[in-house]
Amino acid sequence: MSTEEPTTAPPSDVHGVPDARAAADAPAAPVATDADSVAPGATAGAAPADADAPAQPAPPVPTGSRLDDWWLRLMATPARERAWRWGGPIAVTLLAAVLRLVNLGHPHSLVFDETFYVKDAWTTWNLGYEATWPADADTRFNAGETDIFQTMGSFAVHPPLGKWIIGAGMELFGPGDSTGWRISVAVAGILLVLLTTLIAVKLTRSTLLGVIAGFLLAIDGHAIVMSRVGILDGLSSLFLLLGFGAVLLDRAWHERRLADALARGRERRAESGRGRAGEPTWGPAIWWRPWVLAAAVAFGAASSVKWSGLYYLAAFGVYLIVVDALARRRLGLPFWFSAAVLKQGPVTAILLVPLAVVTYLTTWIGWFATTGGMYRTWAQTSNGEWTGALSWVPLAVQNFWHLEVAIYQYHVGENSPHPYQANPLTWLFLIRPTQMYVSQVDDSVCGGTTCYENITSIANPIIWWCATAALFYLVYRLVRRREWQVGLVLMGMVAGYLPWLMYTGRTVFQFYTIAFEPYMILGLTMVIGLALGSRADPRPQRTRALAIVGAFLVICVLVSAWFYPVWVGMPVPAWFLSLHYWLPSWR
């Protein structure tokens with residue numbers, strides 16, 4: 001038997017409110033045995049009072065809740081069911097849009113790392129590369145002087161794709177409009193909610209759980225802030241989740257085609273009269289895997305925003321090989337491991353890696369097509385041309401390699417202290433969130449008391465801490481039950497979080513966690529699904545489960561409403577702001 005048992009995620013009538021089509025699937029009420037229905041005061045072994053009397057069945061035990069019954073009536077037609085399957089994800093996406101787009105241009109001031117990425121985006125859009133600015137550029141840029149950039153290349157420590165995307169929004173709205181600085185990131189944050197919803201539906205086969213996942217991400221403060229500030233991490237998170245979704249879709253695609261290929265081979269042997277002679281021991285290599293190609297593009301694009309996307313490319317490359325090995329084992333191939341590593345593995349690498357590299361290099365076209373970018377003419381101007389066996393390498397490639405090495409050296413050596421740096425060991429516990437903007441405004445705005453506008457990238461603490469607890473439980477559950485859905489979600493955490501534990505001495509920040517927050521939400525949603533149970537549960541148990549989950553969601557909404565002013569820079573009194581510092585390290 002396989003070490004990864006093929007489990008099927010419960011349909012939507014199991015977790016939460018049922019779909020109408022599941023009404024006929026409810027289990028029949030249990031029928032009592034003779035021993036269950038003895039007369040009061042009699043023993044199980046005593047003869048019945050009337051041996052000829054037929055046994056009376058026990059009354060049916062009510063299952064489900066009244067909410068389930070109401071929902072079944074509401075979803076009684078296919079049209080209504082379709083409206084729910086489409087309308088639920090659309091509704092949470094619209095909620096995300098409202099929370100991310102309303103007053104997006106406030107404050108009209110470069111916030112936190114916008115001082116780098118917004119200005120770099122504008123020079124990249126105009127020149128094809130990041131260029132330098134005058135010393136007082138921020139003040140003048142905020143005032144609308146956006147074309148004061150110079151033509152000398154500046155040292156940018158991240159690839160250019162994210163800046164191209166931010167620059168497109170600035171071109172659309174105008175570089176002097178602060179909404180334009182952030183609109184591309186906001187759209188990415190909205191799409192992140194929609195994509196999380198759809199992936200949750202696919203993983204759990206439940207529209208309700210998908211909507212809960214999207215809702216939790218839509219109202220979470222970390223996701224909101226990272227959608228309202230013009231920096232790179234939200235863009236990277238979207239591309240990473242696209243790659244994750246492609247890997248999810250490839251899983252079933254690949255296993256079906258592998259099984260079909262083996263079945264066709266057996267049919268051909270049977271027709272030729274060979275029987276089991278020549279039975280395959282490795283199985284075929286599957287070359288046509290369009291979802292792997294899509295994942296390659298997505299992970300390549302994520303790496304073109306921030307290099308941390310490379311961790312996902314590597315982790316899910318290994319994941320694809322492991323999944324292939326287990327699929328071959330389930331299909332009865334004796335050399336399933338060797339086939340996955342030595343036969344399908346190289347094919348998967350060929351499908352995944354070159355296309356990701358091409359995607360990455362394509363985003364540098366502006367740097368290659370011009371001569372002003374950082375180190376663009378390094379070899380020519382510093383006598384740094386390669387010699388010996390590598391002398392044939394084009395100078396543009398030599399210059400590009402020098403730039404990439406310089407960027408790498410910066411990243412591994414960056415340890416300058418920062419007041420809001422956060423050790424990766426503390427990220428899951430929300431110890432040191434990042435304050436991105438604070439400004440004291442006129443006291444009259446707050447009724448005569450000291451008044452601040454503040455933007456802090458802090459998650460909804462209830463959602464975040466519960467998601468962390470859910471992840472620890474899912475690790476235990478994966479060991480005990482080996483459910484592939486759990487394994488896939490945890491692989492997102494492995495790729496997004498564990499590599500940072502190698503850099504605990506670096507200057508890093510809590511807001512980097514937006515890259516793996518969707519997988520935390522998916523994990524929490526899975527545990528919520530387990531808590532909800534099934535419509536087949538006894539009525540008191542089911543009603544209690546719905547009440548607990550409903551109360552949890554209400555608490556999440558109230559906490560988000562409480563923190564919303566400090567997520568979007570609304571003016572608040574100083575005493576009110578201090579009430580949001582639940583931990584001393586949040587100040």
# chains A, B, ... in the order shown; residues from 1 in each chain; ligands from 1
>>> residues_around(residues="Phe472 of chain A", least_positions_apart="5", cutoff="10 Å", atoms="only C-alpha atoms", output="PyMOL selection string")
chain A and resi 467+477+490+523
>>> closest_atom_pairs(of="segment 481-550 of chain A", to="segment 405-416 of chain A", cutoff="7 Å", atoms="only C-alpha atoms", output="JSON lines")
{"residue": "A:Gly505", "atom": "CA", "partner": "A:Asn415", "partner_atom": "CA", "distance": 6.8}
{"residue": "A:Arg506", "atom": "CA", "partner": "A:Asn415", "partner_atom": "CA", "distance": 4.7}
{"residue": "A:Thr507", "atom": "CA", "partner": "A:Asn415", "partner_atom": "CA", "distance": 4.8}
>>> write_last_selection(atoms="all heavy atoms", output="compact mmCIF listing (two decimals), in the first residue's frame")
# COMPACT_ATOMS: atom_id res chain seq x y z
N GLY A 505 20.65 36.01 11.11
CA GLY A 505 21.50 37.16 11.40
C GLY A 505 21.34 38.30 10.43
O GLY A 505 21.93 39.37 10.62
N ARG A 506 20.54 38.11 9.39
CA ARG A 506 20.32 39.17 8.39
C ARG A 506 19.28 40.17 8.87
O ARG A 506 18.48 39.89 9.76
CB ARG A 506 19.83 38.55 7.08
CG ARG A 506 20.93 38.13 6.12
CD ARG A 506 20.34 37.93 4.74
NE ARG A 506 19.65 39.14 4.30
CZ ARG A 506 18.77 39.17 3.30
NH1 ARG A 506 18.47 38.06 2.65
NH2 ARG A 506 18.20 40.30 2.95
N THR A 507 19.28 41.33 8.25
CA THR A 507 18.25 42.33 8.52
C THR A 507 17.04 42.00 7.66
O THR A 507 17.02 42.23 6.44
CB THR A 507 18.76 43.74 8.20
OG1 THR A 507 19.96 43.99 8.94
CG2 THR A 507 17.72 44.78 8.55
>>> closest_residue(among="A:Pro175, A:Thr363, A:Leu342, A:Leu351", to="Tyr129 of chain A", atoms="only C-alpha atoms")
A:Thr363
>>> atom_distance(atom1="atom CA of Thr123 of chain A", atom2="atom CA of Trp307 of chain A")
21.0 Å
>>> closest_residue(among="A:Val92, A:Ala531, A:Met526, A:Val572", to="Gly448 of chain A", atoms="only C-alpha atoms")
A:Val572
>>> residues_around(residues="Trp378 of chain A", least_positions_apart="3", cutoff="12 Å", atoms="only C-alpha atoms", output="PyMOL selection string")
chain A and resi 153+371-375+381-386+395-403+406
>>> closest_residue(among="A:Leu194, A:Val118, A:Leu478, A:Leu501", to="Ala422 of chain A", atoms="only C-alpha atoms")
A:Leu501
>>> atom_distance(atom1="atom CA of His222 of chain A", atom2="atom CA of Thr434 of chain A")
9.7 Å
>>> residues_around(residues="Leu293 of chain A", least_positions_apart="2", cutoff="9 Å", atoms="only C-alpha atoms", output="list in words")
Ala246, Arg289, Pro290, Trp291, Ala295, Ala296, Val297, Ala298, Leu351, Leu352, Leu355 and Ala356 of chain A
>>> write_last_selection(atoms="all heavy atoms", output="PDB file, in the first residue's frame")
ATOM      1  N   ALA A 246      -0.832  26.061 -10.161  1.00  0.00           N
ATOM      2  CA  ALA A 246      -0.486  25.239 -11.322  1.00  0.00           C
ATOM      3  C   ALA A 246       0.007  23.862 -10.885  1.00  0.00           C
ATOM      4  O   ALA A 246      -0.321  22.846 -11.507  1.00  0.00           O
ATOM      5  CB  ALA A 246       0.577  25.949 -12.159  1.00  0.00           C
ATOM      6  N   ARG A 289       3.085  18.269 -20.031  1.00  0.00           N
ATOM      7  CA  ARG A 289       2.545  18.660 -18.730  1.00  0.00           C
ATOM      8  C   ARG A 289       2.383  20.185 -18.725  1.00  0.00           C
ATOM      9  O   ARG A 289       3.225  20.928 -18.226  1.00  0.00           O
ATOM     10  CB  ARG A 289       3.466  18.191 -17.601  1.00  0.00           C
ATOM     11  CG  ARG A 289       3.594  16.684 -17.547  1.00  0.00           C
ATOM     12  CD  ARG A 289       4.561  16.209 -16.476  1.00  0.00           C
ATOM     13  NE  ARG A 289       4.067  16.449 -15.122  1.00  0.00           N
ATOM     14  CZ  ARG A 289       4.722  16.073 -14.018  1.00  0.00           C
ATOM     15  NH1 ARG A 289       5.884  15.445 -14.126  1.00  0.00           N
ATOM     16  NH2 ARG A 289       4.216  16.319 -12.831  1.00  0.00           N
ATOM     17  N   PRO A 290       1.294  20.668 -19.295  1.00  0.00           N
ATOM     18  CA  PRO A 290       1.133  22.124 -19.452  1.00  0.00           C
ATOM     19  C   PRO A 290       1.108  22.875 -18.132  1.00  0.00           C
ATOM     20  O   PRO A 290       1.544  24.037 -18.065  1.00  0.00           O
ATOM     21  CB  PRO A 290      -0.210  22.256 -20.195  1.00  0.00           C
ATOM     22  CG  PRO A 290      -0.918  20.961 -19.949  1.00  0.00           C
ATOM     23  CD  PRO A 290       0.140  19.923 -19.845  1.00  0.00           C
ATOM     24  N   TRP A 291       0.618  22.245 -17.064  1.00  0.00           N
ATOM     25  CA  TRP A 291       0.582  22.950 -15.788  1.00  0.00           C
ATOM     26  C   TRP A 291       1.965  23.102 -15.181  1.00  0.00           C
ATOM     27  O   TRP A 291       2.220  24.048 -14.428  1.00  0.00           O
ATOM     28  CB  TRP A 291      -0.376  22.263 -14.816  1.00  0.00           C
ATOM     29  CG  TRP A 291      -1.805  22.372 -15.251  1.00  0.00           C
ATOM     30  CD1 TRP A 291      -2.647  21.360 -15.621  1.00  0.00           C
ATOM     31  CD2 TRP A 291      -2.565  23.579 -15.400  1.00  0.00           C
ATOM     32  NE1 TRP A 291      -3.875  21.852 -15.979  1.00  0.00           N
ATOM     33  CE2 TRP A 291      -3.853  23.210 -15.842  1.00  0.00           C
ATOM     34  CE3 TRP A 291      -2.285  24.927 -15.187  1.00  0.00           C
ATOM     35  CZ2 TRP A 291      -4.847  24.162 -16.087  1.00  0.00           C
ATOM     36  CZ3 TRP A 291      -3.278  25.866 -15.439  1.00  0.00           C
ATOM     37  CH2 TRP A 291      -4.538  25.488 -15.881  1.00  0.00           C
ATOM     38  N   ALA A 295       3.598  26.567 -14.152  1.00  0.00           N
ATOM     39  CA  ALA A 295       4.288  26.791 -12.882  1.00  0.00           C
ATOM     40  C   ALA A 295       5.675  27.368 -13.118  1.00  0.00           C
ATOM     41  O   ALA A 295       6.139  28.228 -12.350  1.00  0.00           O
ATOM     42  CB  ALA A 295       4.377  25.473 -12.106  1.00  0.00           C
ATOM     43  N   ALA A 296       6.356  26.910 -14.163  1.00  0.00           N
ATOM     44  CA  ALA A 296       7.685  27.434 -14.474  1.00  0.00           C
ATOM     45  C   ALA A 296       7.625  28.931 -14.753  1.00  0.00           C
ATOM     46  O   ALA A 296       8.461  29.707 -14.258  1.00  0.00           O
ATOM     47  CB  ALA A 296       8.273  26.688 -15.668  1.00  0.00           C
ATOM     48  N   VAL A 297       6.645  29.345 -15.537  1.00  0.00           N
ATOM     49  CA  VAL A 297       6.500  30.774 -15.843  1.00  0.00           C
ATOM     50  C   VAL A 297       6.179  31.559 -14.569  1.00  0.00           C
ATOM     51  O   VAL A 297       6.742  32.631 -14.313  1.00  0.00           O
ATOM     52  CB  VAL A 297       5.410  30.987 -16.904  1.00  0.00           C
ATOM     53  CG1 VAL A 297       5.134  32.482 -17.107  1.00  0.00           C
ATOM     54  CG2 VAL A 297       5.826  30.355 -18.229  1.00  0.00           C
ATOM     55  N   ALA A 298       5.265  31.024 -13.745  1.00  0.00           N
ATOM     56  CA  ALA A 298       4.864  31.734 -12.535  1.00  0.00           C
ATOM     57  C   ALA A 298       6.019  31.863 -11.544  1.00  0.00           C
ATOM     58  O   ALA A 298       6.274  32.952 -11.002  1.00  0.00           O
ATOM     59  CB  ALA A 298       3.689  31.010 -11.880  1.00  0.00           C
ATOM     60  N   LEU A 351      11.277  20.594 -18.175  1.00  0.00           N
ATOM     61  CA  LEU A 351      10.063  21.385 -18.365  1.00  0.00           C
ATOM     62  C   LEU A 351      10.037  22.608 -17.457  1.00  0.00           C
ATOM     63  O   LEU A 351       9.500  23.651 -17.826  1.00  0.00           O
ATOM     64  CB  LEU A 351       8.832  20.509 -18.075  1.00  0.00           C
ATOM     65  CG  LEU A 351       8.572  19.333 -19.017  1.00  0.00           C
ATOM     66  CD1 LEU A 351       7.410  18.490 -18.496  1.00  0.00           C
ATOM     67  CD2 LEU A 351       8.278  19.826 -20.426  1.00  0.00           C
ATOM     68  N   LEU A 352      10.635  22.490 -16.285  1.00  0.00           N
ATOM     69  CA  LEU A 352      10.479  23.518 -15.260  1.00  0.00           C
ATOM     70  C   LEU A 352      11.573  24.581 -15.304  1.00  0.00           C
ATOM     71  O   LEU A 352      11.285  25.789 -15.337  1.00  0.00           O
ATOM     72  CB  LEU A 352      10.460  22.842 -13.885  1.00  0.00           C
ATOM     73  CG  LEU A 352       9.981  23.650 -12.690  1.00  0.00           C
ATOM     74  CD1 LEU A 352       8.517  24.040 -12.842  1.00  0.00           C
ATOM     75  CD2 LEU A 352      10.185  22.852 -11.397  1.00  0.00           C
ATOM     76  N   LEU A 355      12.423  27.149 -18.732  1.00  0.00           N
ATOM     77  CA  LEU A 355      11.385  28.151 -18.963  1.00  0.00           C
ATOM     78  C   LEU A 355      11.382  29.200 -17.851  1.00  0.00           C
ATOM     79  O   LEU A 355      11.150  30.391 -18.112  1.00  0.00           O
ATOM     80  CB  LEU A 355      10.018  27.473 -19.069  1.00  0.00           C
ATOM     81  CG  LEU A 355       8.846  28.367 -19.471  1.00  0.00           C
ATOM     82  CD1 LEU A 355       9.140  29.108 -20.772  1.00  0.00           C
ATOM     83  CD2 LEU A 355       7.567  27.536 -19.596  1.00  0.00           C
ATOM     84  N   ALA A 356      11.648  28.779 -16.609  1.00  0.00           N
ATOM     85  CA  ALA A 356      11.749  29.757 -15.521  1.00  0.00           C
ATOM     86  C   ALA A 356      12.923  30.700 -15.753  1.00  0.00           C
ATOM     87  O   ALA A 356      12.814  31.914 -15.515  1.00  0.00           O
ATOM     88  CB  ALA A 356      11.899  29.032 -14.183  1.00  0.00           C
TER      89      ALA A 356
END
>>> atom_distance(atom1="atom CA of Trp125 of chain A", atom2="atom CA of Ala168 of chain A")
7.4 Å
>>> residues_around(residues="Ala515 of chain A", least_positions_apart="2", cutoff="6 Å", atoms="only C-alpha atoms", output="ChimeraX atom specification")
/A:237,513,517
>>> write_last_selection(atoms="N, CA and C atoms", output="PDB file, in the first residue's frame")
ATOM      1  N   SER A 237       4.055  37.560  -4.044  1.00  0.00           N
ATOM      2  CA  SER A 237       3.122  36.602  -3.450  1.00  0.00           C
ATOM      3  C   SER A 237       2.108  36.104  -4.460  1.00  0.00           C
ATOM      4  N   THR A 513       6.509  37.992   5.215  1.00  0.00           N
ATOM      5  CA  THR A 513       5.636  36.829   5.378  1.00  0.00           C
ATOM      6  C   THR A 513       4.425  36.855   4.454  1.00  0.00           C
ATOM      7  N   GLU A 517       1.681  33.880   3.489  1.00  0.00           N
ATOM      8  CA  GLU A 517       0.425  34.027   4.217  1.00  0.00           C
ATOM      9  C   GLU A 517      -0.731  33.250   3.578  1.00  0.00           C
TER      10      GLU A 517
END
>>> select_by_dssp(residues="segment 239-437 of chain A", states="alpha helix (DSSP H)", output="ChimeraX atom specification")
/A:239-271,290-303,309-330,336-338,345-362,365-369,378-381,395-413
>>> closest_residue(among="A:Leu99, A:Leu203, A:Leu242, A:Ala213", to="Ile190 of chain A", atoms="only C-alpha atoms")
A:Leu99
>>> residues_around(residues="segment 452-454 of chain A", least_positions_apart="3", cutoff="10 Å", atoms="only C-alpha atoms", output="PyMOL selection string")
chain A and resi 107+435-443+445-446+449+457+565-577
>>> closest_residue(among="A:Asn460, A:Asn126, A:Thr281, A:Ser304", to="Arg329 of chain A", atoms="only C-alpha atoms")
A:Thr281
>>> closest_atom_pairs(of="segment 147-192 of chain A", to="segment 132-141 of chain A", cutoff="10 Å", atoms="only C-alpha atoms", output="tab-separated table")
residue	atom	partner	partner_atom	distance
A:Asp147	CA	A:Phe141	CA	8.4
A:Ile148	CA	A:Trp133	CA	6.8
A:Phe149	CA	A:Trp133	CA	4.7
A:Gln150	CA	A:Thr132	CA	5.4
A:Thr151	CA	A:Thr132	CA	6.8
A:Met152	CA	A:Thr132	CA	5.8
A:Gly153	CA	A:Thr132	CA	6.1
A:Ser154	CA	A:Thr132	CA	5.1
A:Phe155	CA	A:Thr132	CA	8.6
A:Pro175	CA	A:Phe141	CA	8.8
A:Gly176	CA	A:Phe141	CA	7.5
>>> closest_residue(among="A:Leu208, A:Leu101, A:Ala96, A:Ile365", to="Trp71 of chain A", atoms="only C-alpha atoms")
A:Leu208
